[in-house]
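A.B. asks: Next comes the structure file input-v3.txt, holding compact mmCIF, C-alpha atoms and all ligand atoms.
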# COMPACT_ATOMS: atom_id res chain seq x y z
CA MET H 973 0.00 0.00 0.00
CA LEU H 974 1.21 3.53 -0.76
CA LYS H 975 2.19 5.73 2.19
CA LYS H 976 -0.71 8.13 2.83
CA TYR H 977 -0.50 11.90 3.26
CA ALA H 978 -3.02 14.74 2.86
CA VAL H 979 -3.70 18.45 3.15
CA ILE H 980 -6.74 19.47 5.20
CA GLY H 981 -8.55 22.81 5.07
CA ASN H 982 -11.78 24.59 4.20
CA PRO H 983 -11.86 25.52 1.35
CA ILE H 984 -9.28 23.11 -0.03
CA LYS H 985 -9.77 22.65 -3.76
CA GLN H 986 -7.37 25.54 -4.51
CA SER H 987 -4.49 23.81 -2.70
CA LYS H 988 -1.36 23.11 -4.74
CA SER H 989 0.09 20.80 -2.08
CA PRO H 990 -0.78 17.46 -3.76
CA GLN H 991 1.03 18.51 -6.94
CA ILE H 992 4.00 19.89 -4.99
CA HIS H 993 4.45 16.76 -2.86
CA GLN H 994 4.14 14.43 -5.85
CA GLU H 995 6.85 16.44 -7.66
CA PHE H 996 9.08 16.23 -4.57
CA ALA H 997 8.47 12.46 -4.38
CA LYS H 998 9.69 12.06 -7.98
CA GLN H 999 13.06 13.60 -6.98
CA PHE H 1000 13.71 10.66 -4.63
CA GLY H 1001 11.84 7.87 -6.44
CA HIS H 1002 9.32 7.77 -3.57
CA ALA H 1003 5.79 6.52 -4.22
CA LEU H 1004 3.09 8.09 -2.05
CA SER H 1005 -0.54 9.07 -1.97
CA TYR H 1006 -1.31 12.74 -1.17
CA VAL H 1007 -4.91 13.96 -1.29
CA ARG H 1008 -6.95 17.06 -0.44
CA ILE H 1009 -9.38 16.65 2.45
CA LEU H 1010 -12.19 19.12 3.00
CA ALA H 1011 -13.28 19.22 6.65
CA SER H 1012 -16.33 21.08 7.88
CA GLN H 1013 -15.59 23.76 10.49
CA ASP H 1014 -16.68 21.59 13.42
CA ALA H 1015 -15.27 18.26 12.20
CA PHE H 1016 -11.53 18.90 12.07
CA VAL H 1017 -10.53 16.55 14.90
CA ASP H 1018 -12.79 13.68 13.77
CA THR H 1019 -11.56 14.04 10.19
CA VAL H 1020 -7.91 13.85 11.30
CA LYS H 1021 -8.62 10.82 13.50
CA ASP H 1022 -10.39 9.04 10.61
CA PHE H 1023 -7.36 9.71 8.41
CA ILE H 1024 -5.04 8.26 11.06
CA LYS H 1025 -7.27 5.15 11.37
CA SER H 1026 -7.11 4.69 7.61
CA GLY H 1027 -3.29 4.51 7.81
CA GLY H 1028 -2.44 8.20 7.23
CA LEU H 1029 1.12 9.16 8.20
CA GLY H 1030 1.08 12.94 7.90
CA MET H 1031 -1.03 15.98 7.08
CA ASN H 1032 -0.50 19.55 6.03
CA VAL H 1033 -2.98 21.89 7.68
CA THR H 1034 -4.25 25.08 6.13
CA ALA H 1035 -6.82 27.76 7.02
CA PRO H 1036 -8.86 27.76 9.16
CA PHE H 1037 -7.51 24.78 11.11
CA LYS H 1038 -3.92 25.67 12.09
CA PHE H 1039 -4.91 26.58 15.64
CA GLN H 1040 -7.05 23.44 16.09
CA ALA H 1041 -4.09 21.39 14.83
CA PHE H 1042 -1.92 23.07 17.48
CA GLU H 1043 -4.46 22.05 20.15
CA LEU H 1044 -4.70 18.50 18.83
CA ALA H 1045 -0.97 17.76 18.69
CA GLN H 1046 0.36 15.78 21.67
CA SER H 1047 3.90 17.07 21.19
CA LEU H 1048 5.17 20.15 19.36
CA SER H 1049 8.32 21.57 17.81
CA ALA H 1050 9.68 24.77 19.39
CA ARG H 1051 8.59 26.63 16.26
CA ALA H 1052 5.01 25.41 16.55
CA GLN H 1053 5.01 26.24 20.26
CA SER H 1054 6.13 29.79 19.51
CA ALA H 1055 3.69 30.21 16.62
CA LYS H 1056 0.80 28.66 18.58
CA SER H 1057 -0.22 27.13 15.27
CA VAL H 1058 0.58 23.97 13.33
CA ASN H 1059 0.80 23.50 9.56
CA THR H 1060 2.33 20.00 9.57
CA LEU H 1061 1.16 16.94 11.51
CA MET H 1062 3.06 13.68 11.73
CA PHE H 1063 1.47 10.47 13.04
CA LYS H 1064 4.03 8.10 14.48
CA ASN H 1065 4.02 5.49 17.28
CA ASN H 1066 0.36 6.31 18.03
CA LYS H 1067 1.30 9.94 18.77
CA ILE H 1068 0.41 13.18 16.99
CA PHE H 1069 3.38 15.52 16.51
CA GLY H 1070 2.86 19.13 15.32
CA ASP H 1071 5.34 21.41 13.58
CA ASN H 1072 5.09 24.78 11.86
CA THR H 1073 7.27 25.10 8.75
CA ASP H 1074 5.77 28.39 7.46
CA GLY H 1075 8.41 30.65 9.01
CA LEU H 1076 11.32 28.39 8.04
CA GLY H 1077 9.97 28.32 4.50
CA LEU H 1078 9.71 32.10 4.37
CA VAL H 1079 13.23 32.58 5.73
CA ARG H 1080 14.64 30.12 3.20
CA ASP H 1081 12.81 31.83 0.33
CA ILE H 1082 14.02 35.28 1.39
CA GLN H 1083 17.63 34.33 2.10
CA GLU H 1084 18.38 31.49 -0.35
CA ASN H 1085 16.12 32.23 -3.30
CA LEU H 1086 15.83 36.03 -3.16
CA LYS H 1087 19.35 36.50 -1.73
CA PHE H 1088 18.21 39.00 0.87
CA LEU H 1089 20.17 38.82 4.12
CA LEU H 1090 18.03 39.14 7.25
CA LYS H 1091 20.95 39.71 9.63
CA ASP H 1092 21.13 43.37 10.75
CA SER H 1093 18.16 44.34 8.57
CA ARG H 1094 15.31 46.61 9.64
CA ILE H 1095 12.04 44.72 9.20
CA LEU H 1096 8.40 45.75 9.16
CA ILE H 1097 5.72 43.08 9.53
CA ILE H 1098 2.21 44.23 8.61
CA GLY H 1099 -0.44 42.00 10.15
CA ALA H 1100 -0.79 40.01 13.36
CA GLY H 1101 -2.87 36.98 12.42
CA GLY H 1102 -1.91 33.31 12.26
CA ALA H 1103 0.61 33.74 9.44
CA ALA H 1104 2.42 36.61 11.19
CA SER H 1105 2.61 34.63 14.41
CA GLY H 1106 4.12 31.67 12.51
CA ILE H 1107 6.96 33.62 10.91
CA LEU H 1108 8.24 35.72 13.82
CA LEU H 1109 10.59 33.31 15.60
CA PRO H 1110 12.44 32.01 12.50
CA ILE H 1111 12.93 35.61 11.29
CA LEU H 1112 14.14 36.83 14.68
CA GLU H 1113 16.54 33.89 14.93
CA ALA H 1114 18.22 35.27 11.78
CA LYS H 1115 19.23 38.31 13.92
CA PRO H 1116 17.67 41.38 12.27
CA LYS H 1117 18.60 44.80 13.67
CA LYS H 1118 14.98 45.55 14.59
CA MET H 1119 11.47 44.39 13.88
CA HIS H 1120 8.29 46.46 13.94
CA ILE H 1121 4.96 44.64 13.98
CA ILE H 1122 1.93 46.73 13.05
CA ASN H 1123 -1.69 45.73 12.71
CA ARG H 1124 -5.11 47.25 12.08
CA THR H 1125 -6.13 45.90 15.50
CA VAL H 1126 -3.18 47.22 17.51
CA SER H 1127 -3.71 45.00 20.56
CA LYS H 1128 -3.00 41.90 18.44
CA ALA H 1129 0.36 43.31 17.28
CA GLU H 1130 1.22 44.16 20.89
CA ALA H 1131 0.33 40.67 22.07
CA LEU H 1132 2.55 39.08 19.41
CA ALA H 1133 5.50 41.35 20.23
CA GLN H 1134 5.11 40.73 23.95
CA ALA H 1135 6.26 37.13 23.62
CA PHE H 1136 9.63 38.21 22.15
CA ILE H 1137 10.28 41.62 23.66
CA ASN H 1138 12.66 40.40 26.38
CA GLN H 1139 14.91 38.55 23.97
CA TYR H 1140 14.75 40.36 20.65
CA PRO H 1141 14.61 43.97 19.28
CA VAL H 1142 10.85 43.89 18.63
CA MET H 1143 8.27 46.65 18.90
CA ALA H 1144 4.59 46.90 18.06
CA GLY H 1145 2.12 49.59 17.11
CA GLY H 1146 -0.69 50.74 14.88
CA PHE H 1147 -0.57 51.65 11.21
CA ASP H 1148 0.36 55.27 12.03
CA SER H 1149 3.39 54.31 14.13
CA VAL H 1150 5.85 53.77 11.24
CA ALA H 1151 5.37 56.98 9.23
CA ASP H 1152 8.75 58.23 7.90
CA LEU H 1153 10.67 55.25 9.30
CA GLU H 1154 12.98 53.42 6.88
CA PHE H 1155 12.90 49.63 6.37
CA ASP H 1156 15.00 47.11 4.42
CA LEU H 1157 12.30 44.45 4.38
CA VAL H 1158 8.53 44.91 4.54
CA ILE H 1159 6.39 41.77 4.80
CA ASN H 1160 2.67 41.96 4.15
CA ALA H 1161 1.24 39.24 6.39
CA THR H 1162 -2.34 40.52 6.17
CA SER H 1163 -5.02 38.95 4.05
CA ALA H 1164 -5.87 42.37 2.58
CA SER H 1165 -4.52 41.36 -0.85
CA LEU H 1166 -7.07 38.56 -0.96
CA HIS H 1167 -9.94 40.99 -0.59
CA THR H 1168 -10.79 43.97 -2.72
CA SER H 1169 -9.89 46.20 0.23
CA GLU H 1170 -6.43 47.72 0.12
CA LEU H 1171 -4.02 48.50 2.92
CA PRO H 1172 -4.05 52.22 3.72
CA ASN H 1173 -0.99 54.35 2.87
CA LEU H 1174 1.40 53.78 5.75
CA ASN H 1175 4.07 56.28 4.70
CA TYR H 1176 7.12 54.26 5.68
CA LYS H 1177 10.18 54.40 3.42
CA PHE H 1178 12.15 51.68 1.67
CA SER H 1179 15.93 51.66 2.01
CA LYS H 1180 18.27 51.48 -0.99
CA ASN H 1181 18.54 47.70 -0.92
CA SER H 1182 15.04 46.73 0.02
CA LEU H 1183 12.56 43.91 -0.45
CA ALA H 1184 8.76 44.03 -0.28
CA TYR H 1185 7.31 40.54 0.29
CA ASP H 1186 3.61 39.62 0.20
CA LEU H 1187 2.69 36.27 1.74
CA VAL H 1188 -0.22 36.07 -0.69
CA TYR H 1189 0.54 34.69 -4.16
CA GLY H 1190 -1.35 34.60 -7.40
CA GLU H 1191 -1.31 35.12 -11.11
CA LYS H 1192 -0.46 38.82 -10.90
CA PRO H 1193 1.57 40.97 -8.49
CA THR H 1194 -0.62 42.06 -5.57
CA GLN H 1195 -1.60 45.67 -4.89
CA PHE H 1196 0.91 45.70 -2.04
CA MET H 1197 3.69 44.65 -4.40
CA GLU H 1198 2.74 47.23 -7.03
CA LYS H 1199 2.49 50.02 -4.48
CA SER H 1200 5.85 49.02 -3.00
CA LEU H 1201 7.52 49.34 -6.41
CA GLN H 1202 6.02 52.80 -6.82
CA ASN H 1203 7.41 53.63 -3.36
CA GLN H 1204 10.96 52.66 -4.45
CA ALA H 1205 11.25 49.13 -3.09
CA THR H 1206 14.26 47.57 -4.85
CA LYS H 1207 12.71 44.13 -5.20
CA ILE H 1208 9.23 42.63 -4.78
CA SER H 1209 8.04 39.07 -4.27
CA ASP H 1210 4.84 37.21 -3.63
CA GLY H 1211 4.54 34.21 -1.30
CA LEU H 1212 4.78 31.35 -3.81
CA GLY H 1213 8.40 30.66 -2.85
CA MET H 1214 7.34 30.43 0.80
CA LEU H 1215 4.64 27.93 -0.15
CA LEU H 1216 7.20 25.73 -1.90
CA GLU H 1217 9.79 25.99 0.88
CA GLN H 1218 7.34 25.27 3.72
CA ALA H 1219 6.22 22.21 1.76
CA ALA H 1220 9.85 21.12 1.35
CA TYR H 1221 10.38 21.28 5.13
CA SER H 1222 7.18 19.27 5.72
CA TYR H 1223 8.52 16.72 3.24
CA LYS H 1224 11.78 16.57 5.16
CA LEU H 1225 9.96 15.98 8.44
CA TRP H 1226 8.01 13.05 6.99
CA HIS H 1227 10.62 11.48 4.71
CA GLY H 1228 13.99 12.64 6.10
CA VAL H 1229 15.17 14.36 2.90
CA LEU H 1230 14.90 17.98 1.75
CA PRO H 1231 13.67 18.38 -1.86
CA THR H 1232 14.88 21.10 -4.21
CA THR H 1233 12.21 23.61 -5.11
CA GLN H 1234 13.25 25.68 -8.15
CA ALA H 1235 11.81 23.49 -10.94
CA VAL H 1236 8.61 22.83 -8.98
CA PHE H 1237 8.30 26.57 -8.32
CA GLU H 1238 8.38 27.28 -12.08
CA GLN H 1239 5.88 24.53 -12.72
CA ILE H 1240 3.39 25.77 -10.11
CA ARG H 1241 3.88 29.37 -11.24
CA SER H 1242 2.86 28.41 -14.77
CA THR H 1243 -0.34 26.78 -13.48
CA LEU H 1244 -1.36 30.06 -11.79
CA LYS H 1245 -1.62 31.76 -15.17
P1 LIG H 1301 -5.63 35.73 9.64
O1 LIG H 1301 -7.08 35.76 9.30
O2 LIG H 1301 -5.18 34.99 10.84
O3 LIG H 1301 -5.11 37.26 9.82
C1 LIG H 1301 -5.44 38.24 8.89
C2 LIG H 1301 -4.60 39.48 9.13
O4 LIG H 1301 -4.88 40.41 8.06
C3 LIG H 1301 -4.92 40.23 10.42
O5 LIG H 1301 -3.74 40.85 10.88
C4 LIG H 1301 -5.95 41.29 9.95
O6 LIG H 1301 -6.00 42.43 10.76
C5 LIG H 1301 -5.34 41.64 8.61
N1 LIG H 1301 -6.28 42.23 7.65
C6 LIG H 1301 -7.25 41.58 6.95
N2 LIG H 1301 -7.86 42.45 6.10
C7 LIG H 1301 -7.26 43.65 6.27
C8 LIG H 1301 -7.45 44.95 5.68
N3 LIG H 1301 -8.37 45.16 4.76
N4 LIG H 1301 -6.66 45.96 6.09
C9 LIG H 1301 -5.71 45.75 7.03
N5 LIG H 1301 -5.48 44.55 7.63
C10 LIG H 1301 -6.25 43.51 7.25
O7 LIG H 1301 -4.91 35.22 8.32
P2 LIG H 1301 -3.47 34.52 8.23
O8 LIG H 1301 -2.56 35.28 9.12
O9 LIG H 1301 -3.61 33.06 8.43
O10 LIG H 1301 -3.08 34.73 6.70
C11 LIG H 1301 -2.62 36.00 6.21
C12 LIG H 1301 -2.26 35.84 4.74
O11 LIG H 1301 -1.08 35.05 4.58
C13 LIG H 1301 -3.36 35.13 3.95
O12 LIG H 1301 -3.60 35.91 2.81
C14 LIG H 1301 -2.76 33.78 3.59
O13 LIG H 1301 -3.21 33.35 2.32
C15 LIG H 1301 -1.27 34.10 3.54
N6 LIG H 1301 -0.41 32.93 3.82
C16 LIG H 1301 0.50 32.52 2.86
C17 LIG H 1301 1.33 31.44 3.08
C18 LIG H 1301 2.31 31.02 2.03
O14 LIG H 1301 2.84 29.90 2.11
N7 LIG H 1301 2.63 31.86 1.06
C19 LIG H 1301 1.28 30.66 4.34
C20 LIG H 1301 0.31 31.19 5.29
C21 LIG H 1301 -0.51 32.26 5.01
P3 LIG H 1301 -6.97 42.47 12.08
O15 LIG H 1301 -6.25 41.68 13.12
O16 LIG H 1301 -7.10 43.91 12.41
O17 LIG H 1301 -8.27 41.83 11.65
Mind converting the file's structure to structure tokens?
Ligand code: NDP
C.D. replies:
Amino acid sequence: MLKKYAVIGNPIKQSKSPQIHQEFAKQFGHALSYVRILASQDAFVDTVKDFIKSGGLGMNVTAPFKFQAFELAQSLSARAQSAKSVNTLMFKNNKIFGDNTDGLGLVRDIQENLKFLLKDSRILIIGAGGAASGILLPILEAKPKKMHIINRTVSKAEALAQAFINQYPVMAGGFDSVADLEFDLVINATSASLHTSELPNLNYKFSKNSLAYDLVYGEKPTQFMEKSLQNQATKISDGLGMLLEQAAYSYKLWHGVLPTTQAVFEQIRSTLK
């Protein structure tokens, strides 16, 4: 029988994970089954347990279930603990282990693929939802000079920063708190690009060697990316590279080997058109 994996979410039909994991499997001559599973909002836990009973070995978890996956896991990686959310579950020895590879994936995309060095950089994170919470620790471990976290609902940015403030150069505020400040890297971790609503003008400045990164990805550059170019960002990127890299780290957790992503990235990019 093929080893069984899946991605669970709601909605789920848009997920590229089955294609990505099958392409990774080809790199190592692995044979596996990887399917999409749609769970209703109140049936996440039962759906995971049914998958385990059917012989499932691992699951990727996407919106809106990352927090429920965190609650369900019986043991957690340090990254998942810090993020308080789980995007990768592994079922082994009758135990459920939870990890979060989103932040690692983002850091690898920024540093390895986009060649932007996080060390000593000045970083602005816009947004304080699940995705923002998942990326903070891996970014801070790369030793930036400072990190500002801003959010429409300021209290959420403050709560995120609070967990790191004693150990790292982190501060939090509202959208008006970064006017005229200069940043090397600005990450849009809001879901604003997914809606028709735009982020307001925040009036921060990009440095000479800067990167504007939107976690959202799609066929065209997002409004945030376009606006960043107009505001003199040196480079822009959407979040497709992060998607590929987080998947590669999930693959490594389950199979012990880290796939290469470049060719798969091109392939998935062409299917977005
Ligand atoms: P959440 O729902 O947890 O958080 C949404 C965030 O966006 C909050 O900070 C919210 O602010 C903010 N927001 C939403 N609409 C607006 C708006 N119109 N103006 C200003 N702020 C807004 O979502 P996630 O954190 O889970 O996901 C965020 C994005 O990241 C999603 O688009 C998701 O697709 C993407 N993502 C991409 C990944 C990848 O691999 N590339 C991986 C994970 C996520 P407030 O708190 O005030 O409501």
A.B. asks: Skip Ser1200 in chain H itself and residues of its chain fewer than 5 positions away, then list as a list of chain:residue names all residues within 10 Å of it, counting only C-alpha atoms.
C.D. replies: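 Near neighbours after the sequence-gap exclusion: H:Val1158, H:Lys1177, H:Phe1178, H:Ser1182, H:Leu1183, H:Ala1184, H:Tyr1185, H:Thr1194, H:Gln1195, H:Ala1205, H:Thr1206, H:Lys1207, H:Ile1208.
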A.B. asks: What does the distance between CA of Gln999 in chain H and CA of Lys1224 in chain H come to in Å, to one decimal place?
C.D. replies: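 CA of Lys1224 in chain H lies at a distance of 12.6 Å from CA of Gln999 in chain H.
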A.B. asks: Check which residues fall inside 9 Å of ligand LIG 1301 (chain H) when counting only C-alpha atoms and all ligand atoms, and print them as a PyMOL selection string.
C.D. replies: chain H and resi 1034-1036+1038+1059+1074-1075+1077-1078+1098-1106+1122-1129+1147+1160-1172+1186-1189+1210-1219
A.B. asks: How many Å lie between CA of Gly1070 in chain H and CA of Lys1056 in chain H, rounded to one decimal?
C.D. replies: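 Atom-to-atom, CA of Gly1070 in chain H and CA of Lys1056 in chain H are spaced 10.3 Å apart.
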A.B. asks: By how many Å are CA of Glu995 in chain H and CA of Leu1061 in chain H apart?
C.D. replies: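 These atoms are spaced 20.0 Å apart.
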A.B. asks: Would you mind telling me which residue in H:Ile1240, H:Trp1226, H:Arg1051, H:Gly1001 lies nearest to Lys1064 in chain H when using only C-alpha atoms?
C.D. replies: H:Trp1226
A.B. asks: Go through H:Ser1093, H:Asn1138, H:Asn1203, H:Asn1072 and flag the residue nearest Leu1225 in chain H, using only C-alpha atoms for the distances.
C.D. replies: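 Of H:Ser1093, H:Asn1138, H:Asn1203, H:Asn1072, the one nearest Leu1225 in chain H is H:Asn1072, counting only C-alpha atoms.
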A.B. asks: So which one's closest to Ile1159 in chain H, H:Asp1014, H:Lys976, H:Phe1196, H:Phe1037? Using only C-alpha atoms, please.
C.D. replies: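 Among the listed residues, H:Phe1196 lies closest to Ile1159 in chain H.
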A.B. asks: Show which residues sit within 6 Å of Ala1045 in chain H, as a VMD selection string. Count all atoms listed in the file, and ignore same-chain residues fewer than 2 positions away.
C.D. replies: chain H and resid 1042 to 1043 1047 1068 to 1070
A.B. asks: Using all atoms listed in the file, find the one residue out of H:Ile1097, H:Ala978, H:Leu1201, H:Leu1153 that sits nearest to Ala1133 in chain H.
C.D. replies: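 Residue with the minimum atom-to-atom distance to Ala1133 in chain H: H:Ile1097.
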A.B. asks: Export range 978-989 of chain H of the preceding structure, keeping all heavy atoms, as a tab-separated table (two decimals), in the first residue's frame.
C.D. replies:
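For reference, result_33.tsv as written:
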chain	number	residue	atom	x	y	z
H	978	ALA	N	-1.90	13.91	3.31
H	978	ALA	CA	-3.02	14.74	2.86
H	978	ALA	C	-2.83	16.18	3.30
H	978	ALA	O	-2.01	16.48	4.17
H	978	ALA	CB	-4.33	14.20	3.45
H	979	VAL	N	-3.59	17.07	2.67
H	979	VAL	CA	-3.70	18.45	3.15
H	979	VAL	C	-5.16	18.65	3.53
H	979	VAL	O	-6.06	18.25	2.79
H	979	VAL	CB	-3.21	19.49	2.11
H	979	VAL	CG1	-3.95	19.39	0.78
H	979	VAL	CG2	-3.31	20.91	2.67
H	980	ILE	N	-5.37	19.27	4.70
H	980	ILE	CA	-6.74	19.47	5.20
H	980	ILE	C	-7.01	20.96	5.36
H	980	ILE	O	-6.15	21.71	5.83
H	980	ILE	CB	-6.95	18.69	6.53
H	980	ILE	CG1	-8.39	18.82	7.02
H	980	ILE	CG2	-5.98	19.12	7.61
H	980	ILE	CD1	-8.73	17.85	8.17
H	981	GLY	N	-8.18	21.40	4.94
H	981	GLY	CA	-8.55	22.81	5.07
H	981	GLY	C	-10.00	23.00	4.68
H	981	GLY	O	-10.72	22.06	4.38
H	982	ASN	N	-10.43	24.26	4.67
H	982	ASN	CA	-11.78	24.59	4.20
H	982	ASN	C	-11.79	26.07	3.79
H	982	ASN	O	-11.73	26.92	4.66
H	982	ASN	CB	-12.80	24.35	5.32
H	982	ASN	CG	-14.22	24.53	4.82
H	982	ASN	OD1	-14.47	25.21	3.83
H	982	ASN	ND2	-15.16	23.92	5.51
H	983	PRO	N	-11.80	26.41	2.53
H	983	PRO	CA	-11.86	25.52	1.35
H	983	PRO	C	-10.53	24.82	1.11
H	983	PRO	O	-9.52	25.19	1.71
H	983	PRO	CB	-12.16	26.50	0.21
H	983	PRO	CG	-11.51	27.77	0.66
H	983	PRO	CD	-11.65	27.81	2.15
H	984	ILE	N	-10.52	23.85	0.20
H	984	ILE	CA	-9.28	23.11	-0.03
H	984	ILE	C	-8.99	22.86	-1.52
H	984	ILE	O	-7.86	22.54	-1.89
H	984	ILE	CB	-9.29	21.78	0.78
H	984	ILE	CG1	-7.88	21.22	0.92
H	984	ILE	CG2	-10.23	20.75	0.18
H	984	ILE	CD1	-6.90	22.09	1.65
H	985	LYS	N	-10.00	23.06	-2.37
H	985	LYS	CA	-9.77	22.65	-3.76
H	985	LYS	C	-8.70	23.49	-4.46
H	985	LYS	O	-8.11	23.06	-5.45
H	985	LYS	CB	-11.07	22.58	-4.56
H	985	LYS	CG	-11.76	23.88	-4.86
H	985	LYS	CD	-12.94	23.58	-5.82
H	985	LYS	CE	-13.60	24.82	-6.36
H	985	LYS	NZ	-14.24	25.69	-5.39
H	986	GLN	N	-8.39	24.69	-3.91
H	986	GLN	CA	-7.37	25.54	-4.51
H	986	GLN	C	-5.94	25.08	-4.17
H	986	GLN	O	-4.97	25.54	-4.76
H	986	GLN	CB	-7.55	27.00	-4.02
H	986	GLN	CG	-7.00	27.32	-2.62
H	986	GLN	CD	-7.75	26.64	-1.46
H	986	GLN	OE1	-8.83	26.09	-1.63
H	986	GLN	NE2	-7.14	26.66	-0.28
H	987	SER	N	-5.82	24.14	-3.22
H	987	SER	CA	-4.49	23.81	-2.70
H	987	SER	C	-3.58	23.16	-3.76
H	987	SER	O	-3.98	22.26	-4.47
H	987	SER	CB	-4.62	22.85	-1.50
H	987	SER	OG	-3.33	22.44	-1.11
H	988	LYS	N	-2.35	23.65	-3.81
H	988	LYS	CA	-1.36	23.11	-4.74
H	988	LYS	C	-0.52	22.00	-4.09
H	988	LYS	O	0.39	21.46	-4.70
H	988	LYS	CB	-0.38	24.22	-5.18
H	988	LYS	CG	-1.05	25.43	-5.79
H	988	LYS	CD	-1.47	25.14	-7.20
H	988	LYS	CE	-2.19	26.34	-7.82
H	988	LYS	NZ	-2.97	25.98	-8.99
H	989	SER	N	-0.78	21.72	-2.82
H	989	SER	CA	0.09	20.80	-2.08
H	989	SER	C	0.18	19.40	-2.69
H	989	SER	O	1.28	18.83	-2.73
H	989	SER	CB	-0.35	20.71	-0.61
H	989	SER	OG	-0.13	21.96	0.00
